[in-house]
Structures are given as structure tokens and as C-alpha cells.
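Engineer: Please find coords.txt (compact mmCIF, C-alpha atoms) on the next line:
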```txt
# COMPACT_ATOMS: atom_id res chain seq x y z
CA MET A 1007 -34.18 -70.79 59.73
CA LEU A 1008 -36.08 -68.09 61.64
CA ALA A 1009 -38.14 -67.12 58.61
CA SER A 1010 -38.99 -70.78 57.99
CA TYR A 1011 -39.90 -71.22 61.67
CA LEU A 1012 -42.25 -68.24 61.47
CA ILE A 1013 -43.89 -69.62 58.33
CA GLY A 1014 -44.37 -73.03 59.94
CA LEU A 1015 -45.71 -71.51 63.18
CA ARG A 1016 -48.14 -69.09 61.56
CA GLU A 1017 -49.49 -71.35 58.82
CA GLY A 1018 -49.40 -74.41 61.06
CA LEU A 1019 -51.42 -72.72 63.79
CA GLU A 1020 -54.03 -71.60 61.27
CA ALA A 1021 -54.40 -75.18 60.04
CA THR A 1022 -54.39 -76.54 63.60
CA LEU A 1023 -57.13 -74.11 64.63
CA VAL A 1024 -59.22 -75.20 61.65
CA VAL A 1025 -58.84 -78.87 62.63
CA SER A 1026 -59.56 -78.17 66.32
CA VAL A 1027 -62.79 -76.34 65.43
CA LEU A 1028 -63.96 -79.27 63.31
CA VAL A 1029 -63.03 -81.86 65.94
CA ALA A 1030 -64.57 -79.86 68.80
CA PHE A 1031 -67.80 -79.42 66.85
CA LEU A 1032 -68.13 -83.17 66.26
CA VAL A 1033 -67.26 -84.02 69.86
CA LYS A 1034 -69.71 -81.51 71.35
CA SER A 1035 -72.49 -82.52 68.96
CA ASP A 1036 -71.97 -86.21 69.85
CA ARG A 1037 -70.83 -87.14 66.32
CA LYS A 1038 -67.51 -88.73 67.23
CA ASP A 1039 -68.16 -91.46 64.69
CA LYS A 1040 -67.45 -88.85 61.98
CA LEU A 1041 -63.97 -87.99 63.32
CA PRO A 1042 -62.21 -90.54 61.04
CA LEU A 1043 -63.72 -88.73 58.04
CA VAL A 1044 -62.28 -85.40 59.18
CA TRP A 1045 -58.85 -86.94 59.80
CA THR A 1046 -58.96 -88.59 56.36
CA GLY A 1047 -59.51 -85.19 54.74
CA VAL A 1048 -56.78 -83.61 56.87
CA LEU A 1049 -54.22 -86.31 56.03
CA ALA A 1050 -55.08 -86.05 52.33
CA ALA A 1051 -54.49 -82.29 52.49
CA VAL A 1052 -51.14 -82.79 54.23
CA ALA A 1053 -50.10 -85.36 51.59
CA LEU A 1054 -51.06 -82.96 48.79
CA SER A 1055 -49.04 -80.13 50.38
CA VAL A 1056 -45.94 -82.31 50.77
CA ALA A 1057 -46.30 -83.51 47.17
CA PHE A 1058 -46.67 -79.91 45.96
CA GLY A 1059 -43.48 -78.89 47.77
CA ALA A 1060 -41.65 -81.90 46.32
CA ILE A 1061 -42.81 -81.01 42.80
CA LEU A 1062 -41.56 -77.44 43.20
CA THR A 1063 -38.16 -78.65 44.40
CA PHE A 1064 -37.90 -81.34 41.70
CA THR A 1065 -38.86 -78.91 38.94
CA ALA A 1066 -36.33 -76.28 40.06
CA ALA A 1067 -33.56 -78.89 40.25
CA ARG A 1068 -34.16 -80.05 36.66
CA LEU A 1069 -34.04 -76.62 35.00
CA GLY A 1070 -31.08 -74.79 33.51
CA PHE A 1071 -29.66 -71.73 35.25
CA GLN A 1072 -31.75 -69.02 33.55
CA GLN A 1073 -34.87 -71.18 33.51
CA ARG A 1074 -34.42 -72.00 37.20
CA GLU A 1075 -33.97 -68.32 38.07
CA LEU A 1076 -37.15 -67.47 36.17
CA PHE A 1077 -39.04 -70.34 37.82
CA GLU A 1078 -37.90 -69.27 41.28
CA ALA A 1079 -38.83 -65.66 40.50
CA ILE A 1080 -42.35 -66.67 39.50
CA THR A 1081 -42.84 -68.84 42.61
CA SER A 1082 -41.50 -66.00 44.78
CA LEU A 1083 -43.95 -63.49 43.31
CA LEU A 1084 -46.83 -65.97 43.67
CA ALA A 1085 -45.83 -66.60 47.29
CA VAL A 1086 -45.90 -62.85 47.99
CA VAL A 1087 -49.38 -62.57 46.48
CA PHE A 1088 -50.73 -65.51 48.48
CA VAL A 1089 -49.17 -64.57 51.81
CA THR A 1090 -50.35 -60.95 51.48
CA TRP A 1091 -53.87 -62.09 50.70
CA MET A 1092 -53.77 -64.57 53.61
CA ILE A 1093 -52.56 -61.97 56.11
CA PHE A 1094 -55.33 -59.51 55.27
CA TRP A 1095 -57.98 -62.23 54.97
CA MET A 1096 -57.16 -63.61 58.41
CA ARG A 1097 -57.20 -60.09 59.88
CA ARG A 1098 -60.72 -59.59 58.53
CA ALA A 1099 -62.24 -63.07 58.92
CA ALA A 1100 -60.63 -64.40 62.12
CA ARG A 1101 -63.60 -63.58 64.35
CA ALA A 1102 -66.12 -65.38 62.13
CA LEU A 1103 -63.85 -68.29 61.19
CA SER A 1104 -65.12 -70.71 63.82
CA ALA A 1105 -68.82 -70.11 63.07
CA ASP A 1106 -68.19 -70.36 59.33
CA LEU A 1107 -66.40 -73.71 59.69
CA ARG A 1108 -69.13 -75.12 61.93
CA GLY A 1109 -71.77 -74.06 59.42
CA LYS A 1110 -69.95 -75.71 56.52
CA LEU A 1111 -69.39 -78.90 58.52
CA SER A 1112 -73.10 -79.05 59.43
CA GLU A 1113 -73.99 -78.82 55.75
CA ALA A 1114 -71.42 -81.51 54.90
CA LEU A 1115 -72.82 -83.86 57.54
CA GLU A 1116 -76.24 -83.59 55.94
CA LEU A 1117 -74.82 -84.38 52.49
CA GLY A 1118 -72.90 -87.50 53.54
CA SER A 1119 -69.54 -88.97 54.48
CA MET A 1120 -67.66 -87.93 51.32
CA ALA A 1121 -68.79 -84.34 51.79
CA VAL A 1122 -67.25 -84.31 55.27
CA VAL A 1123 -63.94 -85.62 53.89
CA VAL A 1124 -63.92 -83.03 51.09
CA MET A 1125 -64.84 -80.21 53.46
CA ALA A 1126 -62.00 -81.07 55.88
CA PHE A 1127 -59.62 -81.51 52.94
CA LEU A 1128 -60.42 -78.10 51.44
CA ALA A 1129 -60.24 -76.36 54.83
CA VAL A 1130 -56.68 -77.59 55.46
CA ALA A 1131 -55.36 -77.86 51.88
CA ARG A 1132 -55.33 -74.10 51.34
CA GLU A 1133 -53.09 -73.58 54.37
CA GLY A 1134 -50.86 -76.48 53.34
CA LEU A 1135 -50.37 -75.33 49.76
CA GLU A 1136 -49.64 -71.79 50.93
CA THR A 1137 -47.09 -73.17 53.40
CA ALA A 1138 -45.34 -75.25 50.72
CA LEU A 1139 -45.17 -72.35 48.24
CA LEU A 1140 -44.08 -69.81 50.86
CA PHE A 1141 -41.46 -72.15 52.29
CA PHE A 1142 -40.05 -72.94 48.85
CA ALA A 1143 -39.84 -69.23 47.98
CA SER A 1144 -38.27 -68.20 51.30
CA ALA A 1145 -35.72 -71.02 51.22
CA GLN A 1146 -34.34 -70.03 47.81
CA GLY A 1147 -32.15 -67.31 49.29
CA ALA A 1148 -30.73 -69.63 51.93
CA THR A 1149 -27.54 -71.61 51.65
CA ALA A 1150 -27.72 -75.30 50.77
CA SER A 1151 -28.32 -76.59 54.28
CA ALA A 1152 -31.02 -78.27 56.34
CA GLN A 1153 -31.73 -75.13 58.39
CA PRO A 1154 -34.87 -74.01 56.47
CA LEU A 1155 -36.32 -77.53 56.75
CA ILE A 1156 -35.45 -77.69 60.46
CA GLY A 1157 -36.99 -74.25 60.99
CA ILE A 1158 -40.33 -75.04 59.34
CA THR A 1159 -40.50 -78.42 61.10
CA LEU A 1160 -39.98 -76.79 64.50
CA GLY A 1161 -42.57 -74.15 63.62
CA LEU A 1162 -45.14 -76.78 62.65
CA LEU A 1163 -44.45 -78.81 65.80
CA THR A 1164 -44.85 -75.69 67.94
CA SER A 1165 -48.14 -74.88 66.21
CA ILE A 1166 -49.44 -78.39 66.87
CA VAL A 1167 -48.56 -78.14 70.57
CA LEU A 1168 -50.20 -74.69 70.82
CA GLY A 1169 -53.25 -75.85 68.88
CA TYR A 1170 -53.72 -78.89 71.11
CA GLY A 1171 -53.28 -76.73 74.20
CA LEU A 1172 -55.93 -74.30 72.92
CA TYR A 1173 -58.27 -77.19 72.15
CA ARG A 1174 -57.83 -78.59 75.66
CA SER A 1175 -57.98 -75.06 77.10
CA ALA A 1176 -54.60 -75.66 78.73
CA VAL A 1177 -53.04 -72.72 76.89
CA ARG A 1178 -54.37 -69.17 76.73
CA VAL A 1179 -53.25 -67.20 73.68
CA ASN A 1180 -54.59 -63.86 72.52
CA LEU A 1181 -55.11 -64.95 68.91
CA THR A 1182 -55.86 -61.44 67.67
CA ARG A 1183 -52.55 -60.20 69.03
CA PHE A 1184 -50.75 -63.34 67.83
CA PHE A 1185 -51.96 -62.96 64.25
CA THR A 1186 -51.23 -59.22 64.31
CA TRP A 1187 -47.60 -59.64 65.36
CA THR A 1188 -46.95 -62.66 63.14
CA GLY A 1189 -48.66 -60.78 60.32
CA LEU A 1190 -46.20 -57.91 60.73
CA LEU A 1191 -43.25 -60.32 60.68
CA LEU A 1192 -44.63 -62.15 57.64
CA ILE A 1193 -44.98 -58.84 55.79
CA LEU A 1194 -41.26 -58.32 56.43
CA VAL A 1195 -40.56 -61.85 55.17
CA ALA A 1196 -42.77 -61.28 52.11
CA ALA A 1197 -40.90 -58.05 51.32
CA GLY A 1198 -37.66 -60.03 51.34
CA ILE A 1199 -39.17 -62.71 49.10
CA PHE A 1200 -40.37 -60.02 46.69
CA LYS A 1201 -36.88 -58.51 46.67
CA TYR A 1202 -35.38 -61.94 45.98
CA GLY A 1203 -37.90 -62.50 43.17
CA VAL A 1204 -36.77 -59.28 41.51
CA HIS A 1205 -33.15 -60.40 41.92
CA ASP A 1206 -34.00 -63.69 40.18
CA LEU A 1207 -35.66 -61.81 37.33
CA GLN A 1208 -32.47 -59.78 36.97
CA GLU A 1209 -30.33 -62.91 36.93
CA ALA A 1210 -32.65 -64.46 34.34
CA GLY A 1211 -32.16 -61.40 32.12
CA VAL A 1212 -35.80 -60.32 32.31
CA LEU A 1213 -35.03 -57.14 34.27
CA PRO A 1214 -31.94 -54.91 33.92
CA GLY A 1215 -29.65 -53.46 36.58
CA LEU A 1216 -28.21 -56.57 38.20
CA ASN A 1217 -24.81 -54.91 38.68
CA THR A 1218 -26.19 -51.46 39.52
CA HIS A 1219 -25.85 -51.60 43.29
CA ALA A 1220 -27.78 -49.36 45.66
CA PHE A 1221 -25.02 -49.57 48.29
CA ASP A 1222 -22.30 -51.87 49.58
CA ILE A 1223 -22.21 -52.51 53.33
CA SER A 1224 -20.19 -55.74 53.18
CA ALA A 1225 -17.73 -54.36 55.73
CA VAL A 1226 -20.53 -53.57 58.20
CA LEU A 1227 -22.81 -56.52 57.41
CA PRO A 1228 -20.72 -59.58 56.51
CA ALA A 1229 -22.88 -62.27 54.95
CA ASP A 1230 -21.21 -64.95 57.10
CA SER A 1231 -21.86 -63.15 60.41
CA TRP A 1232 -24.70 -64.21 62.71
CA TYR A 1233 -26.48 -60.85 62.36
CA GLY A 1234 -25.98 -60.88 58.61
CA ALA A 1235 -27.51 -64.36 58.45
CA LEU A 1236 -30.36 -63.20 60.72
CA LEU A 1237 -31.27 -60.18 58.58
CA GLY A 1238 -30.79 -62.17 55.39
CA GLY A 1239 -32.94 -65.05 56.64
CA ILE A 1240 -35.86 -62.94 57.87
CA ALA A 1241 -36.01 -60.02 55.42
CA ASN A 1242 -33.46 -61.00 52.71
CA ILE A 1243 -31.38 -57.92 53.55
CA THR A 1244 -28.12 -58.37 51.66
CA PRO A 1245 -24.91 -56.30 51.85
CA GLN A 1246 -24.84 -55.43 48.12
CA PRO A 1247 -28.37 -55.24 46.66
CA SER A 1248 -29.23 -53.70 43.32
CA VAL A 1249 -31.15 -50.45 43.07
CA LEU A 1250 -34.16 -52.23 41.60
CA GLU A 1251 -34.19 -54.77 44.44
CA MET A 1252 -34.35 -52.02 47.07
CA VAL A 1253 -37.02 -50.12 45.14
CA ALA A 1254 -39.11 -53.31 44.97
CA TRP A 1255 -38.53 -54.04 48.68
CA ALA A 1256 -39.66 -50.56 49.76
CA ALA A 1257 -42.52 -50.44 47.22
CA TYR A 1258 -44.00 -53.58 48.78
CA LEU A 1259 -43.16 -53.00 52.45
CA VAL A 1260 -44.31 -49.40 52.96
CA PRO A 1261 -47.86 -49.54 51.52
CA THR A 1262 -48.51 -53.05 52.86
CA LEU A 1263 -47.56 -52.01 56.39
CA PHE A 1264 -49.70 -48.88 56.04
CA PHE A 1265 -52.84 -50.80 55.09
CA PHE A 1266 -52.19 -53.55 57.63
CA LEU A 1267 -51.69 -51.14 60.55
CA ARG A 1268 -54.57 -48.90 59.53
CA PRO A 1269 -57.60 -49.47 61.80
CA SER A 1270 -60.26 -51.61 60.18
CA ARG A 1271 -63.73 -50.26 59.43
CA THR A 1272 -65.23 -52.25 62.29
CA GLN A 1273 -62.87 -50.47 64.67
CA LEU A 1274 -63.72 -47.06 63.20
CA THR A 1275 -67.50 -47.56 63.20
CA PRO A 1276 -69.05 -46.46 66.54
CA ALA A 1277 -71.37 -48.84 68.32
CA PRO A 1278 -75.11 -48.10 67.81
CA ALA A 1279 -76.87 -46.29 70.64
CA ALA A 1280 -78.96 -48.42 72.93
```
Using the file provided, produce a representation of the structure as C-alpha cells.
Structural biologist:
Amino acid sequence: MLASYLIGLREGLEATLVVSVLVAFLVKSDRKDKLPLVWTGVLAAVALSVAFGAILTFTAARLGFQQRELFEAITSLLAVVFVTWMIFWMRRAARALSADLRGKLSEALELGSMAVVVMAFLAVAREGLETALLFFASAQGATASAQPLIGITLGLLTSIVLGYGLYRSAVRVNLTRFFTWTGLLLILVAAGIFKYGVHDLQEAGVLPGLNTHAFDISAVLPADSWYGALLGGIANITPQPSVLEMVAWAAYLVPTLFFFLRPSRTQLTPAPAA
């Protein structure tokens, strides 16, 4: 539930910020008559994301055991690729995001109404599709309950409230710090998803070593305990993982954290002398 909440909060706030930039630009430029076009594109993107999530769930439910494990492994690995790319892209492009969106919307307004709808759709659809894929992948390791769905719903609702507060300037959030900390947590979530993807590949018979366990801490970390559920939900830390799972988990987590925490070039480059 916590991992799903984080996904909904992070991805939802990104989408909400995109929408707020578009709406604010139209309001400030006295083009309120174009707002319905933006909302049409946004709603179409939301509908596509929901449909994509439903297709993933429907497909997984109709497959046999080995096929389902392979399908879930592929979606998990894709989710890791997309979330990693998104984390680093947002870290690099966050400062110029608002100006870039305003520039694209200005161009779309000159082209016509359909261009505005398409522009708003594309701006939000990427976040929505990433959310659906990441949520599906992270929920595979959870028990058959409504907790992942509740978690992502609460995260999305929180992001909408925060986004509206930022738009109305009623809430002050250091977005750089927010995306840094949520980026760190999402890297931990992605490492768990990657580990689960490797586990699925082992269960599908693609990779060996399913019963070669790295350790067994079932006595210390019961799966049915609250702290066991917490660690399992956020980072997919299980009491009896295979050696290959732990190798994959560390192989993703360590270098990704290194590159994420390393100062960017803009931070390293000294300011020019006056």
C-alpha cells in the first residue's frame, strides 16, 4: 500500500503540475475559452491510462502459470526502465519544464483547437501510462487485496490537492527537494520490482536458481508481520530470496543511487565571472 501510495503521489503530482502550468498559461494570457480543449486532452489521457492498466490486468488473468510469470516479469522490467528514466529526466528537466510546456502550448494555439487537445493529451498520457505500468508491476508482489488500489488512489488524491494548492499558491512545496526524496524512494521501489521480475523469470523457468536461497530470515522477518509487510511492500524485501534475486537487487540499487546522488554538471560548473 505504501509503495502504491508513493507511485500515485509522485506520478500524480507530475501530471497535476503539467495540467496546472497549461491552465495557468491560458488564464494569464486571457485564453480561458481554450480551457475545455485542455481538459478534453487530459480526460482522454486519463481514460487511456485506465484502459492500459485494465488491459494489463486482463491479460495477466487469462494466461497460464508460466506464461503469466513471464508476462509479469516483462512488465516489471519495463516498469523499472521507465521509472528510472523518469526519475533522471525529471531531475534534469524540472527547472525548464514550465517554460517548455508554455512554448509547446503557444505553438498548439497557433495551429488550432485539435493541436491543443493533442498537446494536452500527450503531456499527461506519458505520466498516466507510466503510472499504470508501474502500479501493475509493483502490485504483483502484493497479496490479493484492495490495499494497492487504495494506496494509489490516496496518492493520486493527495497529488491533486497539492497540485491545486500550488496552483492557487495556498501551498508552498520545495519541488526540488520533493522530487529528490521521492526519487530516492522510487529507486528503492524500482529495485524491489527488478528483484521481483527476476523472481518471476525464475518461476517461469527462464533463469535458474529459484531454490538456491541467499539467506533465510523468516524467524526475524515474518511475512505476516507489519514490518515484514512494510519492507515487502516498499522494497520487496522477502525473508527467503534467491541468490540471483539479491544480486539483481544490489546490481540495480547501488549504481542507480550513485548516479542519482552524484552532483549534476550544472551544480559542478562554477558561475561565470561578472
Engineer: Closest to Pro1228 of chain A among A:Val1027, A:Trp1095, A:Gln1246, A:Gly1215, using only C-alpha atoms?
Structural biologist: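 Answer, going by the shortest atom-to-atom distance: A:Gln1246.
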Engineer: Using all atoms listed in the file, can you tell me which of A:Arg1016, A:Arg1132, A:Arg1174, A:Arg1183 comes closest to Val1029 of chain A?
Structural biologist: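 Looking at the shortest contact to Val1029 of chain A, the residue is A:Arg1174.
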Engineer: Give me the residues near Val1123 of chain A as a PyMOL selection string, where near means some atom within 6 Å (using all atoms listed in the file) and where sequence neighbours in that chain fewer than 4 positions away do not count.
Structural biologist: chain A and resi 1043-1044+1047
Engineer: Figure out the distance between atom CA of Gly1134 of chain A and atom CA of Glu1251 of chain A, please, to one decimal in Å.
Structural biologist: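 Answer for the atom CA of Glu1251 of chain A to atom CA of Gly1134 of chain A separation: 28.8 Å.
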Engineer: Skipping near chain neighbours, those fewer than 6 positions away, what residues fall within 12 Å of Leu1115 of chain A using only C-alpha atoms, listed as a list in words?
Structural biologist: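 After dropping sequence-adjacent residues, the list is Leu1028, Phe1031, Leu1032, Ser1035, Arg1037, Asp1039, Lys1040, Leu1041, Leu1043, Val1044, Arg1108, Gly1109, Ala1121, Val1122, Val1123, Val1124, Met1125 and Ala1126 of chain A.
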Engineer: Output the selection as a CSV table (one decimal), in the coordinates of the input - C-alpha atoms for each residue.
Structural biologist:
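Dumped everything to out_14.csv:
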```csv
chain,number,residue,atom,x,y,z
A,1028,LEU,CA,-64.0,-79.3,63.3
A,1031,PHE,CA,-67.8,-79.4,66.8
A,1032,LEU,CA,-68.1,-83.2,66.3
A,1035,SER,CA,-72.5,-82.5,69.0
A,1037,ARG,CA,-70.8,-87.1,66.3
A,1039,ASP,CA,-68.2,-91.5,64.7
A,1040,LYS,CA,-67.4,-88.8,62.0
A,1041,LEU,CA,-64.0,-88.0,63.3
A,1043,LEU,CA,-63.7,-88.7,58.0
A,1044,VAL,CA,-62.3,-85.4,59.2
A,1108,ARG,CA,-69.1,-75.1,61.9
A,1109,GLY,CA,-71.8,-74.1,59.4
A,1121,ALA,CA,-68.8,-84.3,51.8
A,1122,VAL,CA,-67.2,-84.3,55.3
A,1123,VAL,CA,-63.9,-85.6,53.9
A,1124,VAL,CA,-63.9,-83.0,51.1
A,1125,MET,CA,-64.8,-80.2,53.5
A,1126,ALA,CA,-62.0,-81.1,55.9
```
Engineer: Please identify all polymer residues lying at most 12 Å from the point (-35.7, -78.2, 43.0) (file coordinates), using all atoms listed in the file, and present the result as a list in words.
Structural biologist: Phe1058, Gly1059, Ala1060, Ile1061, Leu1062, Thr1063, Phe1064, Thr1065, Ala1066, Ala1067, Arg1068, Leu1069, Gly1070, Phe1071, Gln1073, Arg1074, Glu1075, Phe1077, Glu1078, Thr1081, Phe1142, Ala1143, Ala1145, Gln1146 and Ala1150 of chain A
